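Next up, upload.csv (CSV, C-alpha atoms):
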```csv
chain,number,residue,atom,x,y,z
J,1245,MET,CA,22.0,23.3,-8.5
J,1246,THR,CA,18.3,23.7,-7.6
J,1247,LYS,CA,17.4,22.8,-11.2
J,1248,LYS,CA,19.1,19.4,-11.0
J,1249,VAL,CA,16.7,16.4,-11.1
J,1250,TRP,CA,18.4,14.7,-8.1
J,1251,PHE,CA,18.1,17.9,-6.0
J,1252,GLN,CA,14.3,18.2,-6.8
J,1253,VAL,CA,13.7,14.5,-6.1
J,1254,GLY,CA,15.7,14.8,-2.8
J,1255,VAL,CA,13.7,17.8,-1.7
J,1256,GLY,CA,10.4,16.1,-2.6
J,1257,ILE,CA,11.4,13.0,-0.6
J,1258,LEU,CA,12.4,15.2,2.4
J,1259,LEU,CA,9.2,17.1,2.3
J,1260,ALA,CA,7.2,13.9,2.1
J,1261,LEU,CA,9.0,12.5,5.1
J,1262,LEU,CA,8.4,15.7,7.1
J,1263,ILE,CA,4.7,15.7,6.2
J,1264,THR,CA,4.4,12.1,7.2
J,1265,LYS,CA,6.2,12.7,10.5
J,1266,PHE,CA,3.8,15.6,11.2
J,1267,PHE,CA,0.7,13.6,10.5
J,1268,LEU,CA,2.0,10.7,12.7
J,1269,GLU,CA,2.5,13.1,15.6
J,1270,VAL,CA,-0.9,14.7,15.4
J,1271,ASN,CA,-2.9,11.7,14.0
J,1272,TYR,CA,-5.4,12.0,16.9
J,1273,ILE,CA,-6.7,15.1,15.3
J,1274,PHE,CA,-7.6,13.2,12.1
J,1275,ARG,CA,-9.2,10.2,13.8
J,1276,PRO,CA,-12.8,11.5,13.3
J,1277,VAL,CA,-12.0,12.1,9.7
J,1278,GLY,CA,-10.6,8.6,9.4
J,1279,VAL,CA,-13.8,7.1,10.9
J,1280,ILE,CA,-15.9,9.1,8.4
J,1281,LEU,CA,-13.8,7.9,5.5
J,1282,GLN,CA,-13.9,4.3,6.6
J,1283,THR,CA,-17.7,4.6,6.8
J,1284,ILE,CA,-17.9,6.0,3.3
J,1285,ILE,CA,-15.1,4.4,1.4
J,1286,MET,CA,-16.3,0.8,1.3
J,1287,PRO,CA,-19.8,1.7,-0.1
J,1288,LEU,CA,-18.1,4.1,-2.5
J,1289,ILE,CA,-15.8,1.3,-3.7
J,1290,PHE,CA,-18.7,-1.2,-4.1
J,1291,GLY,CA,-20.8,1.5,-5.8
J,1292,GLY,CA,-18.0,2.3,-8.2
J,1293,LEU,CA,-17.5,-1.4,-9.0
J,1294,LEU,CA,-21.2,-1.8,-9.8
J,1295,TYR,CA,-21.0,1.3,-11.9
J,1296,TYR,CA,-18.1,0.2,-14.0
J,1297,ILE,CA,-19.7,-3.2,-14.4
J,1298,THR,CA,-23.0,-1.9,-15.6
J,1299,VAL,CA,-22.2,1.3,-17.4
J,1300,PRO,CA,-21.7,-0.5,-20.8
J,1301,ILE,CA,-25.3,-1.8,-20.4
J,1302,GLN,CA,-26.4,1.8,-19.7
J,1303,GLN,CA,-24.6,3.1,-22.8
J,1304,TYR,CA,-26.1,0.4,-25.0
J,1305,LEU,CA,-29.6,1.1,-23.8
J,1306,GLU,CA,-29.3,4.8,-24.2
J,1307,LYS,CA,-27.9,4.4,-27.7
J,1308,LYS,CA,-31.3,2.7,-28.4
J,1309,ASN,CA,-33.0,5.9,-27.3
J,1310,MET,CA,-34.0,4.8,-23.9
J,1311,PRO,CA,-34.1,7.7,-21.4
J,1312,ARG,CA,-31.7,7.9,-18.5
J,1313,TRP,CA,-34.3,6.9,-15.9
J,1314,GLY,CA,-35.4,3.9,-18.0
J,1315,SER,CA,-31.8,2.7,-18.3
J,1316,ILE,CA,-31.2,3.0,-14.5
J,1317,ILE,CA,-34.5,1.1,-13.7
J,1318,THR,CA,-33.6,-1.6,-16.2
J,1319,ILE,CA,-30.1,-2.0,-14.8
J,1320,MET,CA,-31.5,-2.3,-11.2
J,1321,LEU,CA,-34.0,-4.9,-12.3
J,1322,ILE,CA,-31.3,-6.9,-14.1
J,1323,LEU,CA,-29.1,-6.8,-10.9
J,1324,VAL,CA,-32.0,-7.9,-8.7
J,1325,ALA,CA,-32.7,-10.8,-11.2
J,1326,VAL,CA,-29.1,-11.9,-11.4
J,1327,ILE,CA,-28.7,-11.9,-7.6
J,1328,TRP,CA,-32.0,-13.8,-7.2
J,1329,ILE,CA,-30.9,-16.4,-9.8
J,1330,LEU,CA,-27.5,-16.8,-8.1
J,1331,VAL,CA,-29.0,-17.2,-4.7
J,1332,ALA,CA,-31.6,-19.7,-5.9
J,1333,ILE,CA,-29.2,-21.8,-7.9
J,1334,ILE,CA,-25.9,-21.5,-6.0
J,1335,GLY,CA,-27.2,-20.7,-2.5
J,1336,PRO,CA,-28.3,-24.3,-1.6
J,1337,MET,CA,-25.0,-25.8,-2.9
J,1338,VAL,CA,-22.9,-23.2,-1.0
J,1339,THR,CA,-25.0,-23.8,2.2
J,1340,LYS,CA,-24.5,-27.6,1.9
J,1341,GLN,CA,-20.8,-27.3,1.4
J,1342,VAL,CA,-20.4,-24.8,4.2
J,1343,ASN,CA,-22.3,-27.1,6.6
J,1344,ASN,CA,-20.2,-30.0,5.5
J,1345,LEU,CA,-17.0,-28.1,6.1
J,1346,VAL,CA,-18.1,-27.0,9.5
J,1347,ASP,CA,-19.1,-30.6,10.4
J,1348,ASN,CA,-15.7,-31.9,9.2
J,1349,GLY,CA,-13.7,-29.0,10.7
J,1350,PRO,CA,-12.5,-30.9,13.8
J,1351,ALA,CA,-11.4,-33.9,11.8
J,1352,LEU,CA,-9.6,-31.7,9.2
J,1353,THR,CA,-7.8,-29.9,12.1
J,1354,HIS,CA,-6.8,-33.2,13.6
J,1355,GLN,CA,-5.4,-34.4,10.3
J,1356,LEU,CA,-3.4,-31.2,9.9
J,1357,GLU,CA,-1.9,-31.6,13.3
J,1358,GLN,CA,-0.9,-35.2,12.5
J,1359,LEU,CA,0.7,-34.0,9.2
J,1360,LYS,CA,2.6,-31.3,11.1
J,1361,ASP,CA,3.9,-33.8,13.7
J,1362,LYS,CA,4.9,-36.2,11.0
J,1363,ALA,CA,6.9,-33.5,9.2
J,1364,ILE,CA,8.6,-32.5,12.4
J,1365,ASN,CA,9.6,-36.1,13.2
J,1366,GLN,CA,10.9,-36.7,9.7
J,1367,LYS,CA,12.9,-33.4,9.8
J,1368,ASP,CA,15.2,-34.8,12.6
J,1369,ASN,CA,16.5,-37.5,10.2
J,1370,LEU,CA,17.7,-35.0,7.6
J,1371,PRO,CA,21.2,-33.6,7.3
J,1372,GLU,CA,21.9,-30.5,9.4
J,1373,GLY,CA,22.1,-28.2,6.4
J,1374,LEU,CA,18.7,-29.4,5.1
J,1375,GLN,CA,17.2,-29.0,8.6
J,1376,ASP,CA,18.2,-25.3,8.6
J,1377,SER,CA,16.8,-24.8,5.2
J,1378,LEU,CA,13.6,-26.6,6.2
J,1379,ASN,CA,13.3,-24.5,9.4
J,1380,SER,CA,13.7,-21.4,7.4
J,1381,ALA,CA,11.0,-22.5,4.9
J,1382,VAL,CA,8.7,-23.4,7.8
J,1383,ASP,CA,9.2,-20.0,9.4
J,1384,SER,CA,8.4,-18.3,6.0
J,1385,VAL,CA,5.3,-20.4,5.6
J,1386,GLN,CA,4.1,-19.7,9.1
J,1387,GLN,CA,4.8,-16.0,8.6
J,1388,PHE,CA,2.9,-16.0,5.4
J,1389,ALA,CA,0.0,-18.0,7.0
J,1390,VAL,CA,-0.2,-15.4,9.8
J,1391,THR,CA,-0.2,-12.5,7.3
J,1392,PHE,CA,-2.7,-14.2,5.1
J,1393,GLY,CA,-4.9,-15.0,8.2
J,1394,LYS,CA,-4.8,-11.3,9.1
J,1395,TRP,CA,-5.7,-10.3,5.6
J,1396,PHE,CA,-8.5,-12.8,5.4
J,1397,VAL,CA,-10.0,-11.7,8.8
J,1398,GLN,CA,-9.8,-8.1,7.6
J,1399,PHE,CA,-11.5,-9.1,4.4
J,1400,VAL,CA,-14.4,-10.8,6.3
J,1401,GLN,CA,-14.6,-7.7,8.6
J,1402,THR,CA,-14.7,-5.4,5.6
J,1403,PHE,CA,-17.3,-7.6,3.9
J,1404,VAL,CA,-19.5,-7.5,7.0
J,1405,GLN,CA,-19.1,-3.8,7.3
J,1406,ALA,CA,-20.1,-3.4,3.6
J,1407,VAL,CA,-23.2,-5.5,4.2
J,1408,ALA,CA,-24.0,-3.4,7.3
J,1409,LEU,CA,-23.8,-0.3,5.1
J,1410,LEU,CA,-25.7,-1.9,2.3
J,1411,LEU,CA,-28.0,1.1,2.0
J,1412,LEU,CA,-25.2,3.4,1.0
J,1413,VAL,CA,-24.1,1.2,-1.9
J,1414,PRO,CA,-27.3,1.7,-4.0
J,1415,PHE,CA,-27.2,5.4,-3.1
J,1416,PHE,CA,-23.7,5.9,-4.6
J,1417,PHE,CA,-24.4,3.5,-7.4
J,1418,PHE,CA,-27.6,5.3,-8.4
J,1419,PHE,CA,-26.1,8.7,-8.5
J,1420,MET,CA,-23.0,7.4,-10.4
J,1421,LEU,CA,-25.4,6.1,-13.1
J,1422,LYS,CA,-27.5,9.2,-13.0
J,1423,ASP,CA,-24.8,12.0,-13.0
J,1424,HIS,CA,-21.5,10.4,-14.0
J,1425,GLU,CA,-21.1,12.8,-17.0
J,1426,LYS,CA,-21.6,15.8,-14.7
J,1427,LEU,CA,-18.8,15.0,-12.2
J,1428,ALA,CA,-15.7,15.6,-14.4
J,1429,PRO,CA,-17.0,18.9,-15.8
J,1430,LYS,CA,-17.6,20.2,-12.3
J,1431,ILE,CA,-14.0,19.6,-11.5
J,1432,TYR,CA,-12.2,20.8,-14.7
J,1433,ASN,CA,-14.5,23.8,-15.2
J,1434,ILE,CA,-13.1,25.3,-12.0
J,1435,PHE,CA,-9.9,26.0,-14.0
J,1436,SER,CA,-9.3,27.7,-17.3
J,1437,GLY,CA,-7.0,27.6,-20.3
J,1438,LYS,CA,-4.4,24.9,-20.6
J,1439,ARG,CA,-5.0,23.7,-17.0
J,1440,ARG,CA,-8.6,22.9,-17.9
J,1441,ILE,CA,-7.5,21.0,-21.0
J,1442,TRP,CA,-4.9,19.1,-19.0
J,1443,ILE,CA,-7.3,18.2,-16.1
J,1444,LYS,CA,-10.0,17.1,-18.5
J,1445,LYS,CA,-7.6,14.8,-20.3
J,1446,THR,CA,-6.3,13.4,-17.1
J,1447,LEU,CA,-9.8,12.7,-15.7
J,1448,GLU,CA,-10.7,11.0,-19.0
J,1449,ASP,CA,-7.5,8.9,-18.9
J,1450,ILE,CA,-8.2,7.9,-15.2
J,1451,ASP,CA,-11.8,6.9,-16.1
J,1452,GLN,CA,-10.5,4.8,-19.0
J,1453,VAL,CA,-7.8,3.0,-17.0
J,1454,LEU,CA,-10.2,2.2,-14.2
J,1455,ARG,CA,-12.9,1.1,-16.6
J,1456,SER,CA,-10.5,-1.2,-18.4
J,1457,TYR,CA,-9.0,-2.6,-15.2
J,1458,ILE,CA,-12.2,-3.2,-13.2
J,1459,GLN,CA,-14.2,-4.7,-16.1
J,1460,GLY,CA,-11.3,-6.8,-17.4
J,1461,GLN,CA,-10.2,-8.1,-14.0
J,1462,LEU,CA,-13.7,-9.1,-12.9
J,1463,LEU,CA,-14.4,-10.8,-16.2
J,1464,ILE,CA,-11.1,-12.7,-16.0
J,1465,SER,CA,-11.8,-13.7,-12.4
J,1466,ALA,CA,-15.3,-15.0,-13.2
J,1467,ILE,CA,-14.0,-17.1,-16.2
J,1468,LEU,CA,-11.2,-18.5,-14.1
J,1469,ALA,CA,-13.6,-19.4,-11.2
J,1470,VAL,CA,-15.8,-21.3,-13.7
J,1471,ILE,CA,-12.8,-23.2,-15.1
J,1472,ILE,CA,-11.6,-24.0,-11.6
J,1473,PHE,CA,-15.0,-25.2,-10.5
J,1474,ILE,CA,-15.3,-27.5,-13.5
J,1475,GLY,CA,-11.8,-28.8,-13.0
J,1476,TYR,CA,-12.2,-29.5,-9.3
J,1477,SER,CA,-15.6,-31.1,-9.9
J,1478,ILE,CA,-14.1,-33.4,-12.6
J,1479,ILE,CA,-11.3,-34.6,-10.3
J,1480,GLY,CA,-13.8,-35.1,-7.4
J,1481,LEU,CA,-12.3,-32.5,-5.0
J,1482,GLN,CA,-14.5,-31.8,-2.0
J,1483,TYR,CA,-15.8,-28.2,-1.5
J,1484,ALA,CA,-15.2,-27.4,-5.2
J,1485,LEU,CA,-17.8,-24.6,-5.2
J,1486,LEU,CA,-16.4,-22.9,-2.1
J,1487,LEU,CA,-12.9,-23.1,-3.5
J,1488,ALA,CA,-14.1,-21.7,-6.8
J,1489,ILE,CA,-15.8,-18.8,-5.0
J,1490,LEU,CA,-12.6,-18.2,-3.1
J,1491,ALA,CA,-10.7,-18.2,-6.4
J,1492,LEU,CA,-13.2,-15.7,-7.8
J,1493,PHE,CA,-12.3,-13.2,-5.1
J,1494,MET,CA,-8.6,-13.9,-4.9
J,1495,ASN,CA,-8.1,-13.8,-8.7
J,1496,ILE,CA,-9.1,-10.1,-8.5
J,1497,ILE,CA,-5.6,-9.6,-7.0
J,1498,PRO,CA,-3.1,-9.9,-9.9
J,1499,PHE,CA,-0.2,-12.5,-9.7
J,1500,ILE,CA,-0.5,-13.2,-6.0
J,1501,GLY,CA,-4.2,-13.9,-5.8
J,1502,PRO,CA,-4.3,-17.2,-7.8
J,1503,TRP,CA,-1.6,-18.7,-5.6
J,1504,ILE,CA,-3.3,-17.7,-2.4
J,1505,ALA,CA,-6.5,-19.4,-3.8
J,1506,VAL,CA,-4.8,-22.7,-4.6
J,1507,ALA,CA,-3.3,-23.1,-1.1
J,1508,PRO,CA,-6.5,-24.3,0.6
J,1509,ALA,CA,-7.3,-26.5,-2.4
J,1510,LEU,CA,-4.0,-28.3,-2.0
J,1511,ILE,CA,-4.5,-28.8,1.7
J,1512,ILE,CA,-8.0,-30.2,1.2
J,1513,ALA,CA,-6.8,-32.4,-1.7
J,1514,TYR,CA,-4.0,-33.9,0.5
J,1515,LEU,CA,-6.3,-34.6,3.4
J,1516,GLN,CA,-9.0,-36.1,1.1
J,1517,GLU,CA,-6.5,-38.2,-1.0
J,1518,PRO,CA,-2.8,-37.3,-1.4
J,1519,LYS,CA,-2.7,-38.1,-5.1
J,1520,LEU,CA,-5.4,-35.4,-5.7
J,1521,VAL,CA,-2.7,-32.8,-5.0
J,1522,ILE,CA,-1.2,-33.6,-8.4
J,1523,TRP,CA,-4.6,-33.2,-10.1
J,1524,VAL,CA,-5.2,-29.9,-8.3
J,1525,GLY,CA,-1.8,-28.7,-9.6
J,1526,VAL,CA,-2.8,-29.8,-13.1
J,1527,VAL,CA,-6.1,-28.0,-12.9
J,1528,THR,CA,-4.4,-24.8,-11.6
J,1529,LEU,CA,-1.7,-25.0,-14.3
J,1530,VAL,CA,-4.3,-25.5,-17.1
J,1531,ALA,CA,-6.4,-22.6,-15.7
J,1532,GLN,CA,-3.3,-20.3,-15.5
J,1533,GLN,CA,-2.1,-21.2,-19.0
J,1534,ILE,CA,-5.6,-20.5,-20.4
J,1535,ASP,CA,-5.6,-17.2,-18.5
J,1536,SER,CA,-2.1,-16.2,-19.6
J,1537,ASN,CA,-2.3,-17.1,-23.3
J,1538,LEU,CA,-6.0,-16.6,-24.1
J,1539,ILE,CA,-8.1,-14.7,-21.6
J,1540,THR,CA,-5.9,-11.9,-20.3
J,1541,PRO,CA,-4.3,-10.9,-23.6
J,1542,ASN,CA,-7.8,-10.6,-25.2
J,1543,VAL,CA,-9.6,-9.0,-22.3
J,1544,MET,CA,-7.0,-6.7,-20.7
J,1545,GLY,CA,-4.5,-6.3,-23.5
J,1546,LYS,CA,-1.9,-3.8,-22.4
J,1547,SER,CA,-4.4,-1.5,-20.5
J,1548,LEU,CA,-2.1,-1.3,-17.4
J,1549,ASP,CA,1.3,-2.0,-18.9
J,1550,VAL,CA,2.9,-2.5,-15.5
J,1551,HIS,CA,5.8,-4.9,-14.8
J,1552,PRO,CA,4.8,-7.9,-12.6
J,1553,LEU,CA,7.5,-7.1,-10.1
J,1554,THR,CA,6.1,-3.6,-9.7
J,1555,ILE,CA,2.6,-5.0,-9.1
J,1556,ILE,CA,3.9,-7.5,-6.5
J,1557,THR,CA,5.8,-4.7,-4.7
J,1558,VAL,CA,2.8,-2.4,-4.7
J,1559,LEU,CA,0.6,-5.3,-3.3
J,1560,LEU,CA,3.0,-6.1,-0.5
J,1561,VAL,CA,3.4,-2.5,0.6
J,1562,ALA,CA,-0.4,-1.9,0.4
J,1563,GLY,CA,-1.1,-5.1,2.4
J,1564,SER,CA,1.3,-4.0,5.1
J,1565,LEU,CA,-0.2,-0.5,5.3
J,1566,ALA,CA,-3.9,-1.1,4.9
J,1567,GLY,CA,-4.5,-4.9,5.0
J,1568,PHE,CA,-6.8,-6.7,2.6
J,1569,LEU,CA,-8.6,-3.5,1.6
J,1570,GLY,CA,-5.2,-2.0,0.6
J,1571,ILE,CA,-4.5,-5.1,-1.5
J,1572,LEU,CA,-7.8,-4.7,-3.4
J,1573,VAL,CA,-7.3,-1.0,-4.2
J,1574,ALA,CA,-3.5,-1.1,-4.6
J,1575,VAL,CA,-3.3,-1.8,-8.4
J,1576,PRO,CA,-6.0,0.5,-9.6
J,1577,ALA,CA,-4.7,3.2,-7.3
J,1578,TYR,CA,-1.2,2.7,-8.7
J,1579,ALA,CA,-2.6,2.8,-12.2
J,1580,VAL,CA,-4.3,6.1,-11.5
J,1581,GLY,CA,-1.1,7.5,-10.0
J,1582,LYS,CA,0.8,6.4,-13.1
J,1583,VAL,CA,-1.7,8.2,-15.4
J,1584,ILE,CA,-1.3,11.4,-13.4
J,1585,VAL,CA,2.5,11.2,-13.4
J,1586,GLN,CA,2.5,10.5,-17.2
J,1587,ASN,CA,0.3,13.4,-17.9
J,1588,ILE,CA,2.4,15.7,-15.8
J,1589,TYR,CA,5.5,14.5,-17.6
J,1590,GLU,CA,3.8,15.1,-21.0
J,1591,MET,CA,2.7,18.6,-19.9
J,1592,ARG,CA,6.2,19.5,-18.8
J,1593,ASN,CA,7.6,18.3,-22.1
J,1594,GLU,CA,5.1,20.4,-24.0
J,1595,ILE,CA,6.1,23.5,-22.0
J,1596,SER,CA,9.8,22.8,-22.6
J,1597,GLU,CA,9.2,22.4,-26.3
J,1598,ALA,CA,7.2,25.6,-26.5
J,1599,ALA,CA,9.9,27.5,-24.6
J,1600,THR,CA,12.6,26.1,-26.9
J,1601,LYS,CA,10.6,27.2,-30.0
J,1602,ASN,CA,10.1,30.7,-28.5
J,1603,VAL,CA,13.9,31.0,-28.0
```

How does the structure come out when it is put into structure tokens?
Amino acid sequence: MTKKVWFQVGVGILLALLITKFFLEVNYIFRPVGVILQTIIMPLIFGGLLYYITVPIQQYLEKKNMPRWGSIITIMLILVAVIWILVAIIGPMVTKQVNNLVDNGPALTHQLEQLKDKAINQKDNLPEGLQDSLNSAVDSVQQFAVTFGKWFVQFVQTFVQAVALLLLVPFFFFFMLKDHEKLAPKIYNIFSGKRRIWIKKTLEDIDQVLRSYIQGQLLISAILAVIIFIGYSIIGLQYALLLAILALFMNIIPFIGPWIAVAPALIIAYLQEPKLVIWVGVVTLVAQQIDSNLITPNVMGKSLDVHPLTIITVLLVAGSLAGFLGILVAVPAYAVGKVIVQNIYEMRNEISEAATKNV
């Protein structure tokens, strides 16, 4: 019976629950470790993002016989130049739109209150069945708004913490560029024989899936943000640049992100001029069609090969457990876990086939 799959899975789940219960009961012991991890993990994530964005440049430069130190200095100078250009060109526009949004904040809030009161008054004229459905929909929207608000606040807090720890980001980034070939060998050289081969292959697969996901998703988000900015500017939507920047960050989150990004645009469009809501919908639909049919298939291909329902489930669970940071790292973490499980499964199959041949 112990060899049955259902028995092994059941024992694994039971052990996982027992371990979780133990950690929950003695979590105070691990709080210092949690604080240290929170201090390190954000700079490490941002450093890793910069590494995966710039490592193709490093590989290209070193193929042209540039030494490692030269490629690192060149990449740093390129990043500084890009940041300076973005701040010089986009900075004044962002500042102007932010100031405009702050100045119009009270008026926008008043318009939203009027819209809410109007909707409540109209609701009483509807049949009872429709009222119940509308109440349910309103509750769902309110719950989503509260959840999104918490995620957004956590995102701002996380971003501020990342800025406060800005010195650590270049530190991690520099050493990733300098020593990235040395990290994996230090891990798999601890082992020997087939275990070393398996760990080496697994680490290479993890690196490949992270590289494909991060580079692809950031490129897709940047292209979509440009398309959305152009579309919003053409239809005359206010705060087009701010909404495009929001879309840039939200589009990093697969499937859910684009719909989160369009919600503020629809609200602003309705308050500015109700018919603009239709045009915002058209811009969003065009952008998503271009993404689905042209950008994503050519940029990402089937690098993840994960069902959309699985991704949405992973995002919801990660958001509940770790807030906005959990949402950001959920999909790549799931992809890494999937690679490990696949490699374990392949190794078990190889062992089974070898045992069968020996018999």

Among listed residues J:Leu1510, J:Arg1455, J:Pro1552, J:Asp1449, nearest J:Tyr1483 (using only C-alpha atoms):
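Counting only C-alpha atoms, the residue closest to J:Tyr1483 is J:Leu1510.
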
Considering only C-alpha atoms, can you say which of J:Ala1325, J:Ile1534, J:Ala1332, J:Ala1579 comes closest to J:Tyr1457?
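Once distances to J:Tyr1457 are computed over only C-alpha atoms, the minimum belongs to J:Ala1579.
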
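Between atom CA of J:Phe1290 and atom CA of J:Leu1462 lies a distance of 12.8 Å.
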
Using Å and a single decimal, report how far atom CA of J:Ile1472 sits from atom CA of J:Ala1488.
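Distance between the two atoms: 5.9 Å.
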
Select all residues near (-26.3, -1.7, -14.9) (cut-off 9 Å, inclusive, file coordinates), counting only C-alpha atoms, and output them as number ranges by chain.
J: 1294-1302, 1315-1323, 1421

Using all atoms listed in the file for the distances, tell me which of J:His1424, J:Lys1308, J:Lys1430, J:Lys1438 is nearest to J:Asp1451.
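The answer is J:His1424, which sits nearest to J:Asp1451.
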
I need every residue sitting at most 7 Å from the point (-5.1, -9.4, -16.4) (coordinates as in the file, all atoms listed in the file considered), written as an MDAnalysis selection string.
chainID J and resid 1460:1461 1464 1498 1540 1544

Just-selected residues, C-alpha atoms written as a short mmCIF file (atom, residue, chain, number, x, y, z; two decimals), keeping the file's coordinate frame:
```cif
data_model
loop_
_atom_site.label_atom_id
_atom_site.label_comp_id
_atom_site.auth_asym_id
_atom_site.auth_seq_id
_atom_site.Cartn_x
_atom_site.Cartn_y
_atom_site.Cartn_z
CA GLY J 1460 -11.30 -6.80 -17.40
CA GLN J 1461 -10.20 -8.10 -14.00
CA ILE J 1464 -11.10 -12.70 -16.00
CA PRO J 1498 -3.10 -9.90 -9.90
CA THR J 1540 -5.90 -11.90 -20.30
CA MET J 1544 -7.00 -6.70 -20.70
#
```

Using all atoms listed in the file: which of J:Pro1502, J:Asn1433, J:Val1575, J:Glu1594 has the shortest distance to J:Val1453:
J:Val1575

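Separating atom CA of J:Pro1429 from atom CA of J:Glu1448 is a distance of 10.6 Å.
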
For J:Ile1539, which residue among J:Val1573, J:Ile1467, J:Ala1513, J:Ala1428 is the nearest when counting all atoms listed in the file?
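Distance minimum relative to J:Ile1539 lands on J:Ile1467.
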
Nearest-residue call for J:Leu1293, choices J:Pro1311, J:Pro1414, J:Pro1350, J:Pro1508, using all atoms listed in the file:
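Among the listed residues, the smallest separation from J:Leu1293 belongs to J:Pro1414.
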
Contacts of J:Gly1291 at 6 Å or less, counting only C-alpha atoms, minus same-chain residues fewer than 2 places along, as an MDAnalysis selection string?
chainID J and resid 1287:1289 1293:1294 1413 1416:1417
